[in-house]
Amino acid sequence: MTDSVKRRREEEAADGENGVAVSEQGSDTAPGFPLSEMSVRRVLRESARDKTVFLHGQVPGPIMVNSASGDGTDAVVILEKTPFQEENISELLKKHTKLQLQMTNDIYSTYRLYLPPELNEIKTTVVYPATEKHLQKYLRQEVYLIQETAEDYKNITLPFIQSQSFSIQWVYNILEKKAEADRVVYENPDPANGFILIPDLKWDQKQLDDLYLIAICHCRGIKSLRDLTAEHLPLLRNMAQEGKEAIVKRYGIPGSQLRVYLHYQPSYYHLHVHFTALSYDAPGCSVERAHLLSDVIDNLELDSQYYQKRTLTFALRADEPLLKKCQEAGRV
Ligand code: M7G
């Protein structure tokens, strides 16, 4: 952890202001999700490597219009064991409640280490109520590569995203300071070329190894990479430069150690840029999805219509409706 992060934590503690902790973890103060009442319908996906499980749950209560099945309201719950924090390790060794021997052989042995609850937290992300599209997003499926030409975008993808895309209410809530206002790291308030930089939902901000922020532009109506032209260069340059400056100032990580990119296709069609630690193998940073912001800027400087003209490649999961549309059009 850098000194600046430590300092900020100390300042927050001194202010008695829990910041993230109140809105994300303070079940005493935050409106709670009824986790213990939820029944698990299925495991959507799990990863032993990432120590993560994605659950489709159902909470008793009013049946939502878009409830996938059964009685109650659908939820997606993601449980993730959190990375170790260097400054907690000696506390963790001292305060453990039990060390149970599993096996021993010569100089080798393995144990089960049991910890008090405060040192044993699980990051829990909840989408509630969840739509069928959320369930699909997290369900493990086969994936297929699509090579989307400019024509394909006009004829297949654009009509599809106009009818289907995820609600972006959460984005508007951030931009209008109706949610996560206490988490904003940096803002350029200019309506055309400004943006808000905020920690991503995926990052618990406890360690810098998996640093993940997003920059969301104030301007509405830029759906994705496909809409960008040279007209957007001032906005993109601001996001690149001011975003990096804000991150080095707050977290001490220089721009040369950040991966700054856009997704194509994104899940949410309001332009945003991902900032992740270069050493972190962030979900969604693979070559078939991530477009480095520096390359995007360079391409638009070369040709304003670059992203309207070129073929873009991306992967779609087996039962995504867009894949079906591409198949119907004979494009897969
Ligand atoms: P994307 O490329 O549209 O889709 O990125 P992806 O989720 O498939 O990567 C949207 C980004 O916004 C992701 O990195 C999400 O983790 C993040 N995100 C999504 N939601 C609903 C929220 C939210 O409510 N708050 C914050 N801070 N980040 C979010």
# chains A, B, ... in the order shown; residues from 1 in each chain; ligands from 1

call {"tool": "residues_near_ligand", "arguments": {"ligand": "ligand 1", "cutoff": "6 Å", "atoms": "only C-alpha atoms and all ligand atoms", "output": "ChimeraX atom specification"}}
result
/A:170,198-202,263,266-268,284

call {"tool": "write_last_selection", "arguments": {"atoms": "N, CA, C and O atoms", "output": "mmCIF file, in the first residue's frame"}}
result
data_model
loop_
_atom_site.group_PDB
_atom_site.id
_atom_site.type_symbol
_atom_site.label_atom_id
_atom_site.label_comp_id
_atom_site.auth_asym_id
_atom_site.auth_seq_id
_atom_site.Cartn_x
_atom_site.Cartn_y
_atom_site.Cartn_z
ATOM 1 N N TRP A 170 -27.569 3.347 -13.422
ATOM 2 C CA TRP A 170 -26.464 3.469 -12.445
ATOM 3 C C TRP A 170 -25.450 4.505 -12.909
ATOM 4 O O TRP A 170 -24.849 5.200 -12.081
ATOM 5 N N ILE A 198 -14.070 7.141 -10.999
ATOM 6 C CA ILE A 198 -14.614 6.514 -9.788
ATOM 7 C C ILE A 198 -14.148 5.062 -9.699
ATOM 8 O O ILE A 198 -13.951 4.426 -10.735
ATOM 9 N N PRO A 199 -13.919 4.529 -8.496
ATOM 10 C CA PRO A 199 -13.535 3.111 -8.403
ATOM 11 C C PRO A 199 -14.605 2.219 -9.014
ATOM 12 O O PRO A 199 -15.805 2.445 -8.828
ATOM 13 N N ASP A 200 -14.173 1.229 -9.762
ATOM 14 C CA ASP A 200 -15.088 0.277 -10.378
ATOM 15 C C ASP A 200 -15.715 -0.600 -9.293
ATOM 16 O O ASP A 200 -15.094 -0.880 -8.261
ATOM 17 N N LEU A 201 -16.932 -1.036 -9.596
ATOM 18 C CA LEU A 201 -17.647 -1.986 -8.725
ATOM 19 C C LEU A 201 -16.782 -3.201 -8.360
ATOM 20 O O LEU A 201 -16.911 -3.764 -7.286
ATOM 21 N N LYS A 202 -15.891 -3.584 -9.270
ATOM 22 C CA LYS A 202 -15.101 -4.800 -9.049
ATOM 23 C C LYS A 202 -13.953 -4.589 -8.053
ATOM 24 O O LYS A 202 -13.323 -5.556 -7.638
ATOM 25 N N HIS A 263 -13.923 -1.055 -23.793
ATOM 26 C CA HIS A 263 -14.401 -2.367 -24.225
ATOM 27 C C HIS A 263 -15.225 -2.230 -25.495
ATOM 28 O O HIS A 263 -16.024 -1.305 -25.612
ATOM 29 N N PRO A 266 -19.152 -3.124 -25.151
ATOM 30 C CA PRO A 266 -19.314 -2.926 -23.702
ATOM 31 C C PRO A 266 -20.617 -3.593 -23.242
ATOM 32 O O PRO A 266 -21.412 -4.005 -24.086
ATOM 33 N N SER A 267 -20.811 -3.674 -21.949
ATOM 34 C CA SER A 267 -22.127 -4.122 -21.449
ATOM 35 C C SER A 267 -23.070 -2.937 -21.350
ATOM 36 O O SER A 267 -24.287 -3.097 -21.449
ATOM 37 N N TYR A 268 -22.502 -1.745 -21.116
ATOM 38 C CA TYR A 268 -23.323 -0.549 -20.869
ATOM 39 C C TYR A 268 -22.969 0.487 -21.919
ATOM 40 O O TYR A 268 -21.802 0.903 -22.018
ATOM 41 N N GLY A 284 -11.754 -9.028 -18.717
ATOM 42 C CA GLY A 284 -12.152 -8.166 -19.847
ATOM 43 C C GLY A 284 -10.993 -7.396 -20.466
ATOM 44 O O GLY A 284 -11.218 -6.473 -21.233
#

call {"tool": "closest_atom_pairs", "arguments": {"of": "range 101-218 of chain A", "to": "range 85-89 of chain A", "cutoff": "12 Å", "atoms": "only C-alpha atoms", "output": "CSV"}}
result
residue,atom,partner,partner_atom,distance
A:Leu115,CA,A:Ile89,CA,11.4
A:Glu118,CA,A:Asn88,CA,10.7
A:Leu119,CA,A:Asn88,CA,8.0
A:Asn120,CA,A:Asn88,CA,11.0
A:Glu121,CA,A:Gln85,CA,11.8
A:Asp204,CA,A:Gln85,CA,11.7
A:Gln205,CA,A:Gln85,CA,10.8
A:Lys206,CA,A:Gln85,CA,7.2
A:Gln207,CA,A:Gln85,CA,6.5
A:Leu208,CA,A:Gln85,CA,9.6
A:Asp209,CA,A:Gln85,CA,9.9
A:Asp210,CA,A:Gln85,CA,11.7

call {"tool": "write_last_selection", "arguments": {"atoms": "C-alpha atoms", "output": "compact mmCIF listing (two decimals), in the first residue's frame"}}
result
# COMPACT_ATOMS: atom_id res chain seq x y z
CA LEU A 115 -9.49 -16.62 11.39
CA GLU A 118 -13.08 -9.41 10.82
CA LEU A 119 -10.02 -10.90 9.13
CA ASN A 120 -11.98 -13.29 6.98
CA GLU A 121 -14.28 -11.17 4.87
CA ASP A 204 -12.77 -3.03 -3.07
CA GLN A 205 -9.95 -0.43 -2.83
CA LYS A 206 -8.20 -2.41 -0.11
CA GLN A 207 -5.04 -3.04 -2.11
CA LEU A 208 -3.50 -1.52 -5.19
CA ASP A 209 -2.62 -4.84 -6.90
CA ASP A 210 -6.07 -5.05 -8.47

call {"tool": "select_by_dssp", "arguments": {"residues": "range 92-242 of chain A", "states": "strand (DSSP E)", "output": "JSON, numbers by chain"}}
result
{"A": [98, 99, 100, 101, 102, 103, 104, 105, 108, 109, 110, 111, 112, 113, 114, 122, 123, 124, 125, 126, 127, 143, 144, 145, 146, 147, 148, 186, 187, 188, 195, 196, 197, 198, 199, 212, 213, 214, 215, 216, 217]}

call {"tool": "residues_around", "arguments": {"residues": "Arg220 in chain A", "least_positions_apart": "4", "cutoff": "12 Å", "atoms": "only C-alpha atoms", "output": "PyMOL selection string"}}
result
chain A and resi 168+171-172+175+191-195+216+224+227+269-272

call {"tool": "write_last_selection", "arguments": {"atoms": "N, CA and C atoms", "output": "CSV table (one decimal), in the first residue's frame"}}
result
chain,number,residue,atom,x,y,z
A,168,ILE,N,-28.9,1.9,-18.1
A,168,ILE,CA,-27.7,2.6,-17.6
A,168,ILE,C,-28.0,3.6,-16.5
A,171,VAL,N,-25.3,4.6,-14.2
A,171,VAL,CA,-24.3,5.6,-14.8
A,171,VAL,C,-24.9,7.0,-14.5
A,172,TYR,N,-26.1,7.2,-14.8
A,172,TYR,CA,-26.8,8.5,-14.6
A,172,TYR,C,-26.7,8.9,-13.1
A,175,LEU,N,-23.3,10.2,-12.4
A,175,LEU,CA,-23.1,11.5,-13.1
A,175,LEU,C,-23.9,12.6,-12.3
A,191,PRO,N,-19.6,19.8,-19.5
A,191,PRO,CA,-20.6,18.9,-20.1
A,191,PRO,C,-20.2,18.2,-21.4
A,192,ALA,N,-19.3,18.8,-22.2
A,192,ALA,CA,-18.9,18.2,-23.4
A,192,ALA,C,-17.7,17.3,-23.3
A,193,ASN,N,-16.7,17.8,-22.6
A,193,ASN,CA,-15.4,17.2,-22.6
A,193,ASN,C,-15.0,16.7,-21.2
A,194,GLY,N,-15.9,16.7,-20.2
A,194,GLY,CA,-15.6,16.3,-18.9
A,194,GLY,C,-16.0,14.9,-18.5
A,195,PHE,N,-15.7,14.4,-17.3
A,195,PHE,CA,-16.0,13.0,-16.9
A,195,PHE,C,-15.8,12.9,-15.4
A,216,ILE,N,-16.2,7.9,-16.5
A,216,ILE,CA,-17.5,8.0,-17.3
A,216,ILE,C,-17.7,9.4,-17.8
A,224,SER,N,-20.6,3.9,-27.8
A,224,SER,CA,-19.4,3.0,-27.7
A,224,SER,C,-18.3,3.5,-28.6
A,227,ASP,N,-19.1,5.0,-32.1
A,227,ASP,CA,-19.6,6.4,-32.3
A,227,ASP,C,-18.5,7.4,-32.3
A,269,TYR,N,-24.0,0.9,-22.7
A,269,TYR,CA,-23.7,1.8,-23.8
A,269,TYR,C,-23.8,3.2,-23.5
A,270,HIS,N,-22.9,3.7,-22.6
A,270,HIS,CA,-22.6,5.1,-22.3
A,270,HIS,C,-21.1,5.1,-22.2
A,271,LEU,N,-20.4,5.9,-23.0
A,271,LEU,CA,-18.9,5.8,-23.1
A,271,LEU,C,-18.2,5.9,-21.7
A,272,HIS,N,-17.4,4.9,-21.5
A,272,HIS,CA,-16.6,4.9,-20.3
A,272,HIS,C,-15.2,4.2,-20.6

call {"tool": "select_by_dssp", "arguments": {"residues": "range 208-278 of chain A", "states": "alpha helix (DSSP H)", "output": "PyMOL selection string"}}
result
chain A and resi 233-251

call {"tool": "write_last_selection", "arguments": {"atoms": "C-alpha atoms", "output": "compact mmCIF listing (two decimals), in the first residue's frame"}}
result
# COMPACT_ATOMS: atom_id res chain seq x y z
CA LEU A 233 -10.57 13.81 -29.20
CA PRO A 234 -10.64 16.62 -26.58
CA LEU A 235 -12.80 14.41 -24.31
CA LEU A 236 -10.61 11.34 -24.84
CA ARG A 237 -7.41 13.29 -24.26
CA ASN A 238 -8.85 14.73 -21.03
CA MET A 239 -9.81 11.26 -19.84
CA ALA A 240 -6.34 9.90 -20.62
CA GLN A 241 -4.33 12.75 -19.15
CA GLU A 242 -6.45 13.90 -16.20
CA GLY A 243 -7.43 10.32 -15.32
CA LYS A 244 -3.79 9.30 -15.03
CA GLU A 245 -2.87 12.46 -13.10
CA ALA A 246 -5.69 11.83 -10.61
CA ILE A 247 -4.61 8.20 -10.12
CA VAL A 248 -0.95 9.03 -9.49
CA LYS A 249 -2.02 11.75 -7.07
CA ARG A 250 -4.46 9.57 -5.13
CA TYR A 251 -2.85 6.13 -5.36

call {"tool": "atom_distance", "arguments": {"atom1": "CA of Val287 in chain A", "atom2": "CA of Thr313 in chain A"}}
result
9.3 Å

call {"tool": "atom_distance", "arguments": {"atom1": "CA of Pro129 in chain A", "atom2": "CA of Ala75 in chain A"}}
result
5.4 Å

call {"tool": "residues_around", "arguments": {"residues": "Tyr212 in chain A", "least_positions_apart": "3", "cutoff": "6 Å", "atoms": "only C-alpha atoms", "output": "PyMOL selection string"}}
result
chain A and resi 200+203+275-276

call {"tool": "residues_around", "arguments": {"residues": "Ser109 in chain A", "least_positions_apart": "5", "cutoff": "12 Å", "atoms": "only C-alpha atoms", "output": "short mmCIF file (atom, residue, chain, number, x, y, z; two decimals) with N, CA and C atoms, in the first residue's frame"}}
result
data_model
loop_
_atom_site.label_atom_id
_atom_site.label_comp_id
_atom_site.auth_asym_id
_atom_site.auth_seq_id
_atom_site.Cartn_x
_atom_site.Cartn_y
_atom_site.Cartn_z
N LEU A 99 -5.33 -23.58 14.25
CA LEU A 99 -4.44 -24.02 13.17
C LEU A 99 -4.50 -25.54 13.17
N GLN A 100 -5.20 -26.10 12.18
CA GLN A 100 -5.47 -27.53 12.20
C GLN A 100 -4.57 -28.26 11.20
N LEU A 101 -3.83 -29.20 11.70
CA LEU A 101 -2.90 -29.93 10.83
C LEU A 101 -3.68 -30.82 9.86
N GLN A 102 -3.31 -30.76 8.56
CA GLN A 102 -3.96 -31.63 7.57
C GLN A 102 -3.08 -32.81 7.23
N MET A 103 -1.82 -32.53 6.95
CA MET A 103 -0.89 -33.63 6.67
C MET A 103 0.53 -33.17 6.93
N THR A 104 1.37 -34.14 7.24
CA THR A 104 2.78 -33.81 7.43
C THR A 104 3.64 -34.91 6.84
#

call {"tool": "closest_residue", "arguments": {"among": "A:Pro117, A:Asp319, A:Glu231, A:Ile78", "to": "Lys95 in chain A", "atoms": "only C-alpha atoms"}}
result
A:Pro117

call {"tool": "atom_distance", "arguments": {"atom1": "CA of Val260 in chain A", "atom2": "CA of His291 in chain A"}}
result
8.4 Å

call {"tool": "closest_residue", "arguments": {"among": "A:Ser36, A:Gln327, A:Gln308, A:Ser163", "to": "Glu151 in chain A", "atoms": "only C-alpha atoms"}}
result
A:Gln308

call {"tool": "closest_residue", "arguments": {"among": "A:Lys123, A:Lys223, A:Lys325, A:His232", "to": "Thr52 in chain A", "atoms": "only C-alpha atoms"}}
result
A:Lys123

call {"tool": "residues_around", "arguments": {"residues": "Ala215 in chain A", "least_positions_apart": "2", "cutoff": "6 Å", "atoms": "only C-alpha atoms", "output": "PyMOL selection string"}}
result
chain A and resi 196-197+272-273

call {"tool": "write_last_selection", "arguments": {"atoms": "N, CA and C atoms", "output": "CSV table (one decimal), in the first residue's frame"}}
result
chain,number,residue,atom,x,y,z
A,196,ILE,N,-16.3,11.8,-14.9
A,196,ILE,CA,-16.1,11.4,-13.5
A,196,ILE,C,-15.2,10.2,-13.4
A,197,LEU,N,-14.2,10.2,-12.6
A,197,LEU,CA,-13.4,9.0,-12.4
A,197,LEU,C,-13.8,8.4,-11.0
A,272,HIS,N,-17.4,4.9,-21.5
A,272,HIS,CA,-16.6,4.9,-20.3
A,272,HIS,C,-15.2,4.2,-20.6
A,273,VAL,N,-14.2,4.6,-19.8
A,273,VAL,CA,-12.9,4.1,-20.0
A,273,VAL,C,-12.4,3.3,-18.7

call {"tool": "residues_around", "arguments": {"residues": "Arg310 in chain A", "least_positions_apart": "6", "cutoff": "9 Å", "atoms": "only C-alpha atoms", "output": "JSON, numbers by chain"}}
result
{"A": [148, 149, 150]}
